[in-house]
$ cat protein-v8.cif   # mmCIF, C-alpha atoms
data_protein
#
loop_
_atom_site.label_atom_id
_atom_site.label_comp_id
_atom_site.auth_asym_id
_atom_site.auth_seq_id
_atom_site.Cartn_x
_atom_site.Cartn_y
_atom_site.Cartn_z
CA MET A 1 -16.40 36.87 -25.96
CA ALA A 2 -17.91 34.63 -28.50
CA GLU A 3 -17.50 36.44 -31.68
CA LEU A 4 -19.91 36.01 -34.43
CA ASP A 5 -19.11 37.62 -37.67
CA THR A 6 -22.21 39.43 -38.64
CA SER A 7 -20.72 41.33 -41.50
CA GLY A 8 -21.32 40.05 -44.95
CA GLY A 9 -24.94 39.19 -45.14
CA GLY A 10 -26.10 42.18 -47.15
CA LYS A 11 -29.08 42.23 -49.41
CA ASN A 12 -29.09 39.85 -52.22
CA LYS A 13 -29.30 42.23 -55.04
CA GLY A 14 -27.93 40.01 -57.70
CA GLY A 15 -30.56 37.46 -56.96
CA LYS A 16 -27.89 34.90 -56.09
CA VAL A 17 -28.49 33.23 -52.75
CA ARG A 18 -25.36 33.53 -50.72
CA SER A 19 -24.82 31.66 -47.55
CA LYS A 20 -23.98 33.81 -44.61
CA LYS A 21 -20.25 33.79 -43.91
CA GLN A 22 -19.63 32.84 -40.33
CA SER A 23 -16.49 33.04 -38.33
CA THR A 24 -14.89 29.70 -37.46
CA ARG A 25 -13.56 30.96 -34.17
CA VAL A 26 -14.84 29.21 -31.12
CA ASP A 27 -14.49 30.45 -27.61
CA LEU A 28 -11.93 28.15 -26.03
CA THR A 29 -11.89 29.61 -22.53
CA ALA A 30 -14.16 27.02 -21.01
CA MET A 31 -12.26 24.21 -22.66
CA VAL A 32 -8.94 25.47 -21.32
CA ASP A 33 -10.45 25.77 -17.86
CA LEU A 34 -11.58 22.19 -17.97
CA ALA A 35 -8.26 20.94 -19.26
CA PHE A 36 -6.31 22.64 -16.51
CA LEU A 37 -8.70 21.38 -13.90
CA LEU A 38 -8.12 17.83 -15.09
CA ILE A 39 -4.36 18.34 -15.17
CA THR A 40 -4.34 19.58 -11.61
CA PHE A 41 -6.46 16.64 -10.54
CA PHE A 42 -4.24 14.05 -12.17
CA MET A 43 -1.05 15.60 -10.90
CA LEU A 44 -2.28 15.68 -7.34
CA THR A 45 -3.77 12.22 -7.29
CA THR A 46 -0.77 10.45 -8.83
CA THR A 47 1.62 11.69 -6.16
CA LEU A 48 -0.73 11.31 -3.23
CA ALA A 49 -1.91 7.80 -3.98
CA LYS A 50 1.47 6.28 -3.27
CA PRO A 51 1.38 4.33 -0.03
CA GLN A 52 3.58 5.28 2.87
CA ALA A 53 6.09 2.87 4.28
CA MET A 54 7.07 2.63 7.91
CA ASP A 55 10.41 0.95 8.42
CA LEU A 56 10.66 -1.54 11.21
CA ALA A 57 13.82 -3.29 12.32
CA MET A 58 13.59 -6.36 14.51
CA PRO A 59 16.44 -7.74 16.59
CA ASP A 60 18.32 -10.64 15.12
CA LYS A 61 16.93 -13.89 16.43
CA GLU A 62 20.20 -15.79 16.53
CA LYS A 63 22.42 -13.14 18.02
CA GLN A 64 20.00 -12.39 20.80
CA ASP A 65 21.03 -15.40 22.86
CA GLN A 66 24.73 -14.57 22.87
CA GLN A 67 24.52 -11.17 24.40
CA GLU A 68 21.68 -11.01 26.81
CA LEU A 69 20.94 -7.38 27.26
CA THR A 70 20.91 -6.14 30.78
CA VAL A 71 18.58 -3.25 31.01
CA ALA A 72 18.14 -1.02 33.99
CA ASP A 73 14.58 -1.50 35.15
CA ASN A 74 14.11 2.14 36.06
CA ARG A 75 14.54 3.02 32.40
CA THR A 76 12.16 0.49 30.91
CA MET A 77 8.54 1.07 30.22
CA THR A 78 6.44 -1.88 29.16
CA ILE A 79 3.38 -1.39 27.00
CA LEU A 80 0.93 -4.26 26.75
CA LEU A 81 -1.55 -4.17 23.89
CA GLY A 82 -4.87 -5.67 24.91
CA ALA A 83 -8.30 -6.17 23.40
CA ASP A 84 -10.79 -3.44 22.37
CA ASN A 85 -8.08 -1.01 21.26
CA ARG A 86 -6.85 -0.51 24.83
CA LEU A 87 -3.43 -0.85 26.30
CA GLU A 88 -1.76 -1.02 29.67
CA TRP A 89 1.61 0.29 30.69
CA TYR A 90 3.93 0.21 33.67
CA MET A 91 7.53 1.14 34.48
CA GLY A 92 9.99 -1.47 35.66
CA LEU A 93 9.32 -5.18 35.98
CA VAL A 94 6.00 -6.94 35.92
CA ASP A 95 6.29 -8.52 39.39
CA ASN A 96 7.71 -5.36 40.89
CA PRO A 97 6.49 -2.38 38.90
CA LEU A 98 7.81 1.06 39.82
CA THR A 99 4.50 2.64 38.91
CA PRO A 100 1.16 0.85 39.24
CA PRO A 101 0.01 -0.59 35.89
CA GLN A 102 -2.28 1.81 34.16
CA VAL A 103 -4.91 1.17 31.50
CA ASP A 104 -4.82 3.74 28.75
CA ASN A 105 -6.00 4.54 25.25
CA PHE A 106 -4.13 5.10 22.04
CA GLY A 107 -3.73 8.56 20.62
CA ARG A 108 -2.83 12.02 21.67
CA ASN A 109 -4.48 12.14 25.06
CA GLY A 110 -3.66 8.58 25.97
CA ILE A 111 -0.32 6.90 25.69
CA ARG A 112 1.46 9.84 24.08
CA LYS A 113 1.24 11.89 27.26
CA ALA A 114 2.58 9.03 29.33
CA LEU A 115 5.41 8.40 26.90
CA ILE A 116 6.56 11.99 26.85
CA GLU A 117 6.30 12.34 30.61
CA ASN A 118 8.21 9.15 31.31
CA SER A 119 10.82 10.03 28.76
CA LYS A 120 11.48 13.33 30.49
CA LYS A 121 11.58 11.70 33.91
CA VAL A 122 14.10 9.08 32.84
CA ILE A 123 16.41 11.62 31.25
CA ALA A 124 16.20 13.73 34.41
CA ALA A 125 16.99 10.71 36.58
CA THR A 126 19.96 9.49 34.56
CA GLY A 127 21.16 12.99 33.71
CA ASP A 128 22.28 11.80 30.30
CA PRO A 129 20.18 12.37 27.18
CA SER A 130 21.70 9.32 25.50
CA LYS A 131 20.37 7.12 28.30
CA GLY A 132 16.74 7.70 27.61
CA LEU A 133 13.61 5.66 27.98
CA ILE A 134 13.52 2.10 26.67
CA VAL A 135 10.10 0.90 25.62
CA LEU A 136 9.14 -2.75 25.40
CA ILE A 137 6.07 -3.35 23.26
CA LYS A 138 4.23 -6.55 23.98
CA PRO A 139 1.27 -7.16 21.71
CA SER A 140 -1.15 -9.72 23.06
CA ALA A 141 -3.08 -12.19 20.91
CA GLN A 142 -6.17 -10.00 21.09
CA SER A 143 -4.64 -6.83 19.78
CA ASN A 144 -4.88 -6.14 16.08
CA TYR A 145 -2.59 -4.87 13.40
CA ARG A 146 -3.86 -1.32 13.69
CA ASN A 147 -2.85 -1.20 17.36
CA PHE A 148 0.57 -2.47 16.41
CA VAL A 149 1.08 0.21 13.77
CA ASP A 150 -0.39 2.86 16.06
CA ILE A 151 2.03 2.15 18.86
CA LEU A 152 5.00 2.15 16.50
CA ASP A 153 3.76 5.45 15.19
CA GLU A 154 3.59 6.80 18.75
CA MET A 155 7.25 5.90 19.16
CA LYS A 156 8.07 8.04 16.15
CA VAL A 157 5.86 10.88 17.33
CA SER A 158 7.26 10.98 20.85
CA ASN A 159 10.83 10.55 19.65
CA ILE A 160 11.55 7.35 21.51
CA GLU A 161 14.69 5.97 19.97
CA ARG A 162 14.91 2.68 21.78
CA TYR A 163 12.02 0.33 21.57
CA ALA A 164 11.61 -3.35 20.93
CA ILE A 165 8.82 -5.72 20.13
CA VAL A 166 8.84 -8.54 22.62
CA ASP A 167 6.69 -11.65 22.98
CA ILE A 168 4.15 -11.34 25.73
CA SER A 169 4.69 -13.40 28.88
CA GLU A 170 2.21 -15.16 31.14
CA PRO A 171 2.34 -12.64 34.05
CA ASP A 172 1.61 -9.86 31.57
CA ILE A 173 -1.45 -11.69 30.28
CA GLN A 174 -2.62 -12.17 33.87
CA LEU A 175 -2.27 -8.44 34.37
CA LEU A 176 -4.34 -7.70 31.29
CA LYS A 177 -6.98 -10.17 32.42
CA ARG A 178 -7.12 -8.59 35.85
CA ASP A 179 -7.83 -5.21 34.34
CA GLY A 180 -10.41 -6.58 31.96
CA ILE A 181 -8.80 -5.90 28.60
CA TYR A 182 -8.11 -9.52 27.73
CA LYS A 183 -10.84 -12.13 27.48
CA MET B 1 -9.06 70.15 -31.44
CA PRO B 2 -9.12 66.56 -32.29
CA ARG B 3 -8.55 64.19 -29.45
CA ILE B 4 -6.01 61.45 -29.83
CA LYS B 5 -7.97 58.34 -30.17
CA VAL B 6 -6.67 55.15 -28.66
CA ALA B 7 -7.34 52.35 -30.98
CA ARG B 8 -9.84 50.00 -29.44
CA LYS B 9 -8.67 46.45 -29.43
CA SER B 10 -10.63 43.34 -28.79
CA THR B 11 -9.98 41.71 -25.42
CA ALA B 12 -10.39 38.25 -26.85
CA ILE B 13 -7.15 36.29 -26.87
CA ASP B 14 -6.45 33.41 -29.09
CA MET B 15 -6.79 30.44 -26.80
CA THR B 16 -5.85 27.79 -29.32
CA ALA B 17 -2.22 27.44 -28.32
CA MET B 18 -3.01 27.39 -24.63
CA CYS B 19 -5.63 24.75 -25.18
CA ASP B 20 -3.15 22.66 -27.14
CA VAL B 21 -0.60 22.80 -24.36
CA ALA B 22 -3.15 22.02 -21.69
CA PHE B 23 -4.40 18.96 -23.48
CA LEU B 24 -0.91 17.81 -24.27
CA LEU B 25 -0.06 17.92 -20.58
CA LEU B 26 -3.30 16.22 -19.70
CA THR B 27 -2.64 13.38 -22.12
CA PHE B 28 0.86 13.02 -20.77
CA PHE B 29 -0.27 12.75 -17.17
CA ILE B 30 -3.03 10.30 -17.93
CA LEU B 31 -0.71 8.06 -19.89
CA THR B 32 2.17 8.12 -17.41
CA ALA B 33 -0.06 7.52 -14.40
CA THR B 34 0.02 3.84 -13.59
CA ALA B 35 -3.43 2.45 -13.31
CA ARG B 36 -4.14 0.99 -9.91
CA GLN B 37 -4.20 -2.74 -10.19
CA PRO B 38 -7.22 -4.47 -8.75
CA GLU B 39 -6.23 -6.47 -5.73
CA PRO B 40 -7.43 -9.98 -5.07
CA LEU B 41 -7.34 -9.31 -1.34
CA PRO B 42 -8.63 -5.86 -0.50
CA VAL B 43 -7.24 -4.54 2.76
CA ASP B 44 -7.77 -1.41 4.77
CA THR B 45 -4.32 -0.25 5.80
CA PRO B 46 -3.94 1.53 9.13
CA ALA B 47 -2.93 5.18 9.14
CA SER B 48 0.33 6.60 10.42
CA THR B 49 2.16 9.89 10.42
CA VAL B 50 5.17 8.58 8.52
CA LYS B 51 5.84 10.42 5.30
CA PHE B 52 8.20 8.05 3.58
CA LYS B 53 7.07 6.90 0.16
CA LEU B 54 7.27 3.27 -0.71
CA PRO B 55 9.77 2.50 -3.49
CA ASP B 56 8.40 0.92 -6.65
CA LEU B 57 11.06 -1.61 -7.44
CA ASP B 58 12.73 -4.55 -5.75
CA ILE B 59 10.28 -4.72 -2.92
CA ALA B 60 8.01 -7.68 -2.38
CA THR B 61 4.62 -7.12 -0.85
CA LEU B 62 2.99 -9.50 1.57
CA THR B 63 -0.66 -8.68 1.88
CA ILE B 64 -2.36 -10.08 4.94
CA GLY B 65 -6.02 -9.90 5.78
CA GLN B 66 -9.23 -11.86 6.32
CA LYS B 67 -8.04 -13.99 9.21
CA GLY B 68 -4.52 -14.81 8.20
CA LYS B 69 -4.79 -15.07 4.41
CA VAL B 70 -1.48 -14.08 2.88
CA PHE B 71 -0.96 -12.97 -0.69
CA PHE B 72 2.46 -12.65 -2.23
CA GLY B 73 3.52 -10.22 -4.93
CA VAL B 74 6.78 -8.99 -6.36
CA PRO B 75 7.18 -6.22 -8.96
CA GLY B 76 8.88 -6.66 -12.33
CA GLN B 77 7.98 -9.20 -14.98
CA PRO B 78 11.45 -10.77 -15.42
CA ILE B 79 11.74 -11.20 -11.67
CA ARG B 80 8.36 -12.89 -11.45
CA ARG B 81 9.29 -15.25 -14.24
CA ARG B 82 12.59 -16.18 -12.63
CA THR B 83 10.89 -16.63 -9.25
CA LEU B 84 8.45 -19.06 -10.79
CA GLU B 85 11.28 -21.00 -12.43
CA LEU B 86 13.14 -21.29 -9.13
CA MET B 87 9.98 -22.42 -7.36
CA GLY B 88 9.32 -24.96 -10.12
CA GLU B 89 12.77 -26.44 -9.60
CA LYS B 90 12.25 -26.63 -5.87
CA TYR B 91 8.86 -28.32 -6.03
CA GLN B 92 9.52 -30.33 -9.22
CA ILE B 93 6.74 -28.71 -11.20
CA GLN B 94 7.25 -27.98 -14.88
CA PHE B 95 5.81 -24.69 -16.06
CA SER B 96 5.33 -24.13 -19.79
CA GLU B 97 6.43 -20.94 -21.54
CA GLU B 98 2.84 -19.78 -21.75
CA GLU B 99 2.30 -20.31 -18.04
CA LYS B 100 5.45 -18.37 -17.24
CA ALA B 101 4.36 -15.51 -19.46
CA ARG B 102 0.96 -15.40 -17.86
CA PHE B 103 2.40 -15.60 -14.37
CA SER B 104 4.77 -12.73 -15.07
CA VAL B 105 1.85 -10.32 -15.46
CA MET B 106 0.09 -11.43 -12.28
CA GLU B 107 0.36 -8.71 -9.68
CA SER B 108 -0.08 -10.99 -6.68
CA PHE B 109 -1.54 -14.36 -5.87
CA GLY B 110 -2.49 -16.43 -2.88
CA VAL B 111 -2.75 -20.12 -3.60
CA PRO B 112 -0.81 -23.23 -2.63
CA ILE B 113 1.67 -24.12 -5.35
CA GLY B 114 -0.36 -27.19 -6.29
CA ASN B 115 -3.22 -24.99 -7.46
CA LEU B 116 -1.05 -22.36 -9.06
CA LYS B 117 -1.43 -23.70 -12.63
CA GLN B 118 -5.17 -23.54 -12.32
CA ILE B 119 -5.04 -19.89 -11.24
CA ILE B 120 -2.52 -18.99 -13.94
CA MET B 121 -4.78 -20.27 -16.69
CA MET B 122 -7.81 -18.37 -15.41
CA LYS B 123 -8.94 -15.11 -16.91
CA GLY B 124 -7.86 -11.98 -15.05
CA ASP B 125 -11.31 -11.11 -13.78
CA ASP B 126 -12.10 -14.58 -12.55
CA ARG B 127 -8.91 -14.64 -10.51
CA LEU B 128 -10.05 -11.68 -8.48
CA LYS B 129 -13.27 -13.24 -7.26
CA PRO B 130 -13.33 -12.93 -3.49
CA GLY B 131 -12.85 -16.20 -1.66
CA LEU B 132 -11.34 -17.99 -4.62
CA GLN B 133 -7.73 -17.81 -3.52
CA PRO B 134 -7.19 -19.18 -0.03
CA GLY B 135 -3.78 -17.57 0.59
CA VAL B 136 -0.24 -18.89 0.42
CA PRO B 137 0.27 -21.63 3.05
CA LEU B 138 2.21 -20.42 6.07
CA ASP B 139 2.68 -23.71 7.87
CA SER B 140 5.79 -25.76 7.47
CA VAL B 141 5.31 -29.41 6.58
CA GLY B 142 7.66 -31.65 8.56
CA GLN B 143 11.23 -30.61 7.84
CA ARG B 144 10.16 -28.55 4.88
CA PRO B 145 9.79 -24.81 5.37
CA SER B 146 6.47 -23.23 4.50
CA GLU B 147 5.64 -22.36 0.91
CA LEU B 148 5.69 -18.67 1.70
CA HIS B 149 9.21 -19.05 3.00
CA ASP B 150 10.24 -20.59 -0.32
CA TRP B 151 8.47 -17.94 -2.35
CA ILE B 152 10.22 -15.14 -0.50
CA LEU B 153 13.55 -16.89 -0.77
CA SER B 154 13.12 -17.52 -4.52
CA ALA B 155 12.10 -13.92 -5.11
CA ARG B 156 15.17 -12.75 -3.22
CA TYR B 157 17.42 -14.97 -5.33
CA ALA B 158 15.72 -13.77 -8.52
CA THR B 159 16.09 -10.11 -7.57
CA LYS B 160 19.74 -10.53 -6.68
CA GLU B 161 20.40 -12.44 -9.89
CA LEU B 162 18.68 -10.04 -12.26
CA ASN B 163 19.04 -6.63 -10.64
CA ASN B 164 21.92 -7.29 -8.27
CA VAL B 165 20.21 -5.59 -5.34
CA ASP B 166 18.83 -6.99 -2.14
CA MET B 167 15.11 -7.39 -2.25
CA ARG B 168 13.18 -5.65 0.47
CA VAL B 169 9.99 -6.87 2.00
CA SER B 170 6.94 -4.86 2.82
CA ILE B 171 3.90 -5.93 4.77
CA LYS B 172 0.48 -4.63 3.94
CA GLY B 173 -1.87 -5.65 6.66
CA ASP B 174 -5.52 -5.13 7.29
CA SER B 175 -6.31 -2.95 10.31
CA LYS B 176 -8.47 -5.59 11.90
CA GLU B 177 -6.06 -8.45 11.43
CA GLU B 178 -5.27 -10.02 14.79
CA TYR B 179 -1.73 -9.94 16.00
CA PRO B 180 -0.96 -13.70 16.08
CA SER B 181 -1.11 -13.94 12.28
CA ILE B 182 1.18 -10.92 11.97
CA GLU B 183 3.53 -12.54 14.44
CA LYS B 184 3.60 -15.71 12.35
CA LEU B 185 4.47 -13.71 9.26
CA LEU B 186 7.24 -11.86 11.06
CA GLY B 187 8.53 -15.22 12.27
CA ILE B 188 8.78 -16.52 8.70
CA LEU B 189 10.70 -13.43 7.65
CA GLN B 190 13.04 -13.60 10.62
CA ASP B 191 13.76 -17.24 9.91
CA GLN B 192 15.54 -16.17 6.77
CA ASN B 193 17.26 -13.28 8.49
CA ILE B 194 15.08 -10.53 7.14
CA ASN B 195 15.05 -8.27 10.16
CA LYS B 196 14.14 -5.07 8.45
CA PHE B 197 10.88 -4.54 6.69
CA SER B 198 8.46 -1.82 5.78
CA LEU B 199 4.91 -1.64 7.01
CA ILE B 200 2.64 -0.09 4.45
CA THR B 201 0.33 2.52 5.91
CA SER B 202 -1.88 5.22 4.57
CA LEU B 203 -1.39 8.83 5.49
CA ARG B 204 -3.08 10.00 8.64
CA THR B 205 -5.42 12.83 7.86
CA GLY B 206 -6.82 13.76 11.24
CA ASP B 207 -4.83 15.02 14.20
CA GLU B 208 -5.59 12.05 16.40
#
$ encode --input "protein-v8.cif" --output "structure tokens"
Amino acid sequence: MAELDTSGGGKNKGGKVRSKKQSTRVDLTAMVDLAFLLITFFMLTTTLAKPQAMDLAMPDKEKQDQQELTVADNRTMTILLGADNRLEWYMGLVDNPLTPPQVDNFGRNGIRKALIENSKKVIAATGDPSKGLIVLIKPSAQSNYRNFVDILDEMKVSNIERYAIVDISEPDIQLLKRDGIYK
Amino acid sequence: MPRIKVARKSTAIDMTAMCDVAFLLLTFFILTATARQPEPLPVDTPASTVKFKLPDLDIATLTIGQKGKVFFGVPGQPIRRRTLELMGEKYQIQFSEEEKARFSVMESFGVPIGNLKQIIMMKGDDRLKPGLQPGVPLDSVGQRPSELHDWILSARYATKELNNVDMRVSIKGDSKEEYPSIEKLLGILQDQNINKFSLITSLRTGDE
């Protein structure tokens, strides 16, 4: 496509030396290609680089004492976050769990299965979709921030509407120690 | 019989106009893109599946990493300036006009208020040296609330005063940060009745 004007030239009959006339047109195709590539790159990176924000609402500290929530223990599932990116969960109360405490992993094949299963079971037992599963998340001192975000993310993924972050209690720590995910 | 000849035309198109437009757009995008500010405390944010973009304005960022170091930052130069003035009143420290101007362009910082002047007068690159800034103190001294508490409170006042909106708080934590330091930070926020905050995460790419 590069055009070079080869006309002109001719023989110098008059003896005058004439410079060859050349076209000033340059092939711009490659330049346009490059420019559009850069545009695409900048457009994509500017919108994708924005960080994501996960909203988290905590219960009010002061109001909590006035109305102590009474929660049916067959609807509650407690998740304890332990060391080494592991967790442990049980239904009901710690001294009288309805299901034996179970050590599990994060992710699709771990806690998500348990969450979805339990959620279905609770809705079937109460017979009312508005009375679903209530999850209590208790992060221990040896869990890290990633575990915390992961478990909140699992709540969103498995559509658990009611969950709370609760301080861990001594019996829960004993349980984690017994199962070797707390040192 | 003479055949009708179709005039042969060159397939070359004049690309000049297209090139102009492309470069115009390119210049526009480069100029409007905000350059990513270097952070004094680099953190590796955990991934999540949430797809909600963080707003740009009226949201303070608490960066936490490296064993409980907390850095505080709030967007908007007038807000930063007003925050510093309020903090100066509270701690009886006089800040000069120059110091205020320099502070208002600082993206975030992590020093006790006693050392703040020193950091303000440093050059931008020196400020970012790792290990230089020890983090905003989280512990309360006697009856006095912690410095971070006061910073957040001042920033909230400043935002309300200047923009007439409630400031929001976001937490940007390092993946490996242990939970007790996060708990401490949440405690400070809840002490001033901030019960709703945003956790900054990066987008999860895998399916796990």
$ residues_around --input "protein-v8.cif" --residues "Lys138 in chain A" --least-positions-apart "6" --cutoff "8 Å" --atoms "only C-alpha atoms" --output "list in words"
Thr78, Ile79, Leu80, Leu81, Ile165, Val166, Asp167 and Ile168 of chain A
$ residues_around --input "protein-v8.cif" --residues "Glu39 in chain B" --least-positions-apart "5" --cutoff "10 Å" --atoms "only C-alpha atoms" --output "list of chain:residue names"
B:Thr63, B:Phe71, B:Glu107, B:Ser108, B:Phe109, B:Arg127, B:Leu128, B:Lys129, B:Pro130
$ interface_residues --input "protein-v8.cif" --of "chain A" --to "chain B" --cutoff "8 Å" --atoms "only C-alpha atoms" --output "PDB file with C-alpha atoms, in the frame of the given file"
ATOM      1  CA  MET A   1     -16.400  36.870 -25.960  1.00  0.00           C
ATOM      2  CA  ASP A  27     -14.490  30.450 -27.610  1.00  0.00           C
ATOM      3  CA  LEU A  28     -11.930  28.150 -26.030  1.00  0.00           C
ATOM      4  CA  THR A  29     -11.890  29.610 -22.530  1.00  0.00           C
ATOM      5  CA  MET A  31     -12.260  24.210 -22.660  1.00  0.00           C
ATOM      6  CA  VAL A  32      -8.940  25.470 -21.320  1.00  0.00           C
ATOM      7  CA  ALA A  35      -8.260  20.940 -19.260  1.00  0.00           C
ATOM      8  CA  PHE A  36      -6.310  22.640 -16.510  1.00  0.00           C
ATOM      9  CA  LEU A  38      -8.120  17.830 -15.090  1.00  0.00           C
ATOM     10  CA  ILE A  39      -4.360  18.340 -15.170  1.00  0.00           C
ATOM     11  CA  PHE A  42      -4.240  14.050 -12.170  1.00  0.00           C
ATOM     12  CA  MET A  43      -1.050  15.600 -10.900  1.00  0.00           C
ATOM     13  CA  THR A  46      -0.770  10.450  -8.830  1.00  0.00           C
ATOM     14  CA  LYS A  50       1.470   6.280  -3.270  1.00  0.00           C
ATOM     15  CA  PRO A  51       1.380   4.330  -0.030  1.00  0.00           C
ATOM     16  CA  GLN A  52       3.580   5.280   2.870  1.00  0.00           C
ATOM     17  CA  ALA A  53       6.090   2.870   4.280  1.00  0.00           C
ATOM     18  CA  MET A  54       7.070   2.630   7.910  1.00  0.00           C
ATOM     19  CA  ASP A  55      10.410   0.950   8.420  1.00  0.00           C
ATOM     20  CA  LEU A  56      10.660  -1.540  11.210  1.00  0.00           C
ATOM     21  CA  ALA A  57      13.820  -3.290  12.320  1.00  0.00           C
ATOM     22  CA  MET A  58      13.590  -6.360  14.510  1.00  0.00           C
ATOM     23  CA  PRO A  59      16.440  -7.740  16.590  1.00  0.00           C
ATOM     24  CA  ASP A  60      18.320 -10.640  15.120  1.00  0.00           C
ATOM     25  CA  LYS A  61      16.930 -13.890  16.430  1.00  0.00           C
ATOM     26  CA  GLY A 107      -3.730   8.560  20.620  1.00  0.00           C
ATOM     27  CA  ARG A 108      -2.830  12.020  21.670  1.00  0.00           C
ATOM     28  CA  PRO A 139       1.270  -7.160  21.710  1.00  0.00           C
ATOM     29  CA  SER A 140      -1.150  -9.720  23.060  1.00  0.00           C
ATOM     30  CA  ALA A 141      -3.080 -12.190  20.910  1.00  0.00           C
ATOM     31  CA  GLN A 142      -6.170 -10.000  21.090  1.00  0.00           C
ATOM     32  CA  SER A 143      -4.640  -6.830  19.780  1.00  0.00           C
ATOM     33  CA  ASN A 144      -4.880  -6.140  16.080  1.00  0.00           C
ATOM     34  CA  TYR A 145      -2.590  -4.870  13.400  1.00  0.00           C
ATOM     35  CA  ARG A 146      -3.860  -1.320  13.690  1.00  0.00           C
ATOM     36  CA  PHE A 148       0.570  -2.470  16.410  1.00  0.00           C
ATOM     37  CA  VAL A 149       1.080   0.210  13.770  1.00  0.00           C
ATOM     38  CA  ASP A 150      -0.390   2.860  16.060  1.00  0.00           C
ATOM     39  CA  ASP A 153       3.760   5.450  15.190  1.00  0.00           C
ATOM     40  CA  VAL A 157       5.860  10.880  17.330  1.00  0.00           C
TER      41      VAL A 157
END
$ resolve_selection --input "protein-v8.cif" --expression "the PyMOL selection byres ((chain B and resi 138) around 10)" --output "list in words"
Gly68, Lys69, Val70, Pro112, Gly135, Val136, Pro137, Asp139, Ser140, Val141, Pro145, Ser146, Glu147, Leu148, His149, Ser181, Lys184, Leu185 and Ile188 of chain B
$ resolve_selection --input "protein-v8.cif" --expression "the PyMOL selection byres ((chain A and resi 104) around 8)" --output "PyMOL selection string"
chain A and resi 86-89+102-103+105-106+110-111
$ atom_distance --input "protein-v8.cif" --atom1 "CA of Glu161 in chain B" --atom2 "CA of Pro78 in chain B"
10.7 Å
$ residues_around --input "protein-v8.cif" --residues "Asp166 in chain B" --least-positions-apart "5" --cutoff "7 Å" --atoms "only C-alpha atoms" --output "list in words"
Arg156, Thr159 and Lys160 of chain B
$ write_last_selection --input "protein-v8.cif" --atoms "C-alpha atoms" --output "mmCIF file, keeping the file's coordinate frame"
data_model
loop_
_atom_site.group_PDB
_atom_site.id
_atom_site.type_symbol
_atom_site.label_atom_id
_atom_site.label_comp_id
_atom_site.auth_asym_id
_atom_site.auth_seq_id
_atom_site.Cartn_x
_atom_site.Cartn_y
_atom_site.Cartn_z
ATOM 1 C CA ARG B 156 15.170 -12.750 -3.220
ATOM 2 C CA THR B 159 16.090 -10.110 -7.570
ATOM 3 C CA LYS B 160 19.740 -10.530 -6.680
#
$ closest_residue --input "protein-v8.cif" --among "A:Lys113, A:Arg178, A:Arg75, A:Lys156" --to "Leu98 in chain A" --atoms "only C-alpha atoms"
A:Arg75
$ atom_distance --input "protein-v8.cif" --atom1 "CA of Lys183 in chain A" --atom2 "CA of Ala83 in chain A"
7.7 Å
$ resolve_selection --input "protein-v8.cif" --expression "the PyMOL selection byres ((chain A and resi 94) around 12)" --output "NGL selection string"
:A and (73 or 76-80 or 88-93 or 95-101 or 136 or 168-176)
$ write_last_selection --input "protein-v8.cif" --atoms "C-alpha atoms" --output "mmCIF file, in the coordinates of the input"
data_model
loop_
_atom_site.group_PDB
_atom_site.id
_atom_site.type_symbol
_atom_site.label_atom_id
_atom_site.label_comp_id
_atom_site.auth_asym_id
_atom_site.auth_seq_id
_atom_site.Cartn_x
_atom_site.Cartn_y
_atom_site.Cartn_z
ATOM 1 C CA ASP A 73 14.580 -1.500 35.150
ATOM 2 C CA THR A 76 12.160 0.490 30.910
ATOM 3 C CA MET A 77 8.540 1.070 30.220
ATOM 4 C CA THR A 78 6.440 -1.880 29.160
ATOM 5 C CA ILE A 79 3.380 -1.390 27.000
ATOM 6 C CA LEU A 80 0.930 -4.260 26.750
ATOM 7 C CA GLU A 88 -1.760 -1.020 29.670
ATOM 8 C CA TRP A 89 1.610 0.290 30.690
ATOM 9 C CA TYR A 90 3.930 0.210 33.670
ATOM 10 C CA MET A 91 7.530 1.140 34.480
ATOM 11 C CA GLY A 92 9.990 -1.470 35.660
ATOM 12 C CA LEU A 93 9.320 -5.180 35.980
ATOM 13 C CA ASP A 95 6.290 -8.520 39.390
ATOM 14 C CA ASN A 96 7.710 -5.360 40.890
ATOM 15 C CA PRO A 97 6.490 -2.380 38.900
ATOM 16 C CA LEU A 98 7.810 1.060 39.820
ATOM 17 C CA THR A 99 4.500 2.640 38.910
ATOM 18 C CA PRO A 100 1.160 0.850 39.240
ATOM 19 C CA PRO A 101 0.010 -0.590 35.890
ATOM 20 C CA LEU A 136 9.140 -2.750 25.400
ATOM 21 C CA ILE A 168 4.150 -11.340 25.730
ATOM 22 C CA SER A 169 4.690 -13.400 28.880
ATOM 23 C CA GLU A 170 2.210 -15.160 31.140
ATOM 24 C CA PRO A 171 2.340 -12.640 34.050
ATOM 25 C CA ASP A 172 1.610 -9.860 31.570
ATOM 26 C CA ILE A 173 -1.450 -11.690 30.280
ATOM 27 C CA GLN A 174 -2.620 -12.170 33.870
ATOM 28 C CA LEU A 175 -2.270 -8.440 34.370
ATOM 29 C CA LEU A 176 -4.340 -7.700 31.290
#
$ atom_distance --input "protein-v8.cif" --atom1 "CA of Met167 in chain B" --atom2 "CA of Gln118 in chain B"
27.8 Å
$ residues_around --input "protein-v8.cif" --residues "range 114-123 of chain A" --least-positions-apart "4" --cutoff "7 Å" --atoms "all atoms listed in the file" --output "list in words"
Arg75, Gly127, Asp128, Pro129, Lys131, Gly132, Leu133 and Ser158 of chain A
$ closest_residue --input "protein-v8.cif" --among "B:Gln133, B:Thr83, B:Ser154, B:Asn163" --to "Gln66 in chain B" --atoms "only C-alpha atoms"
B:Gln133
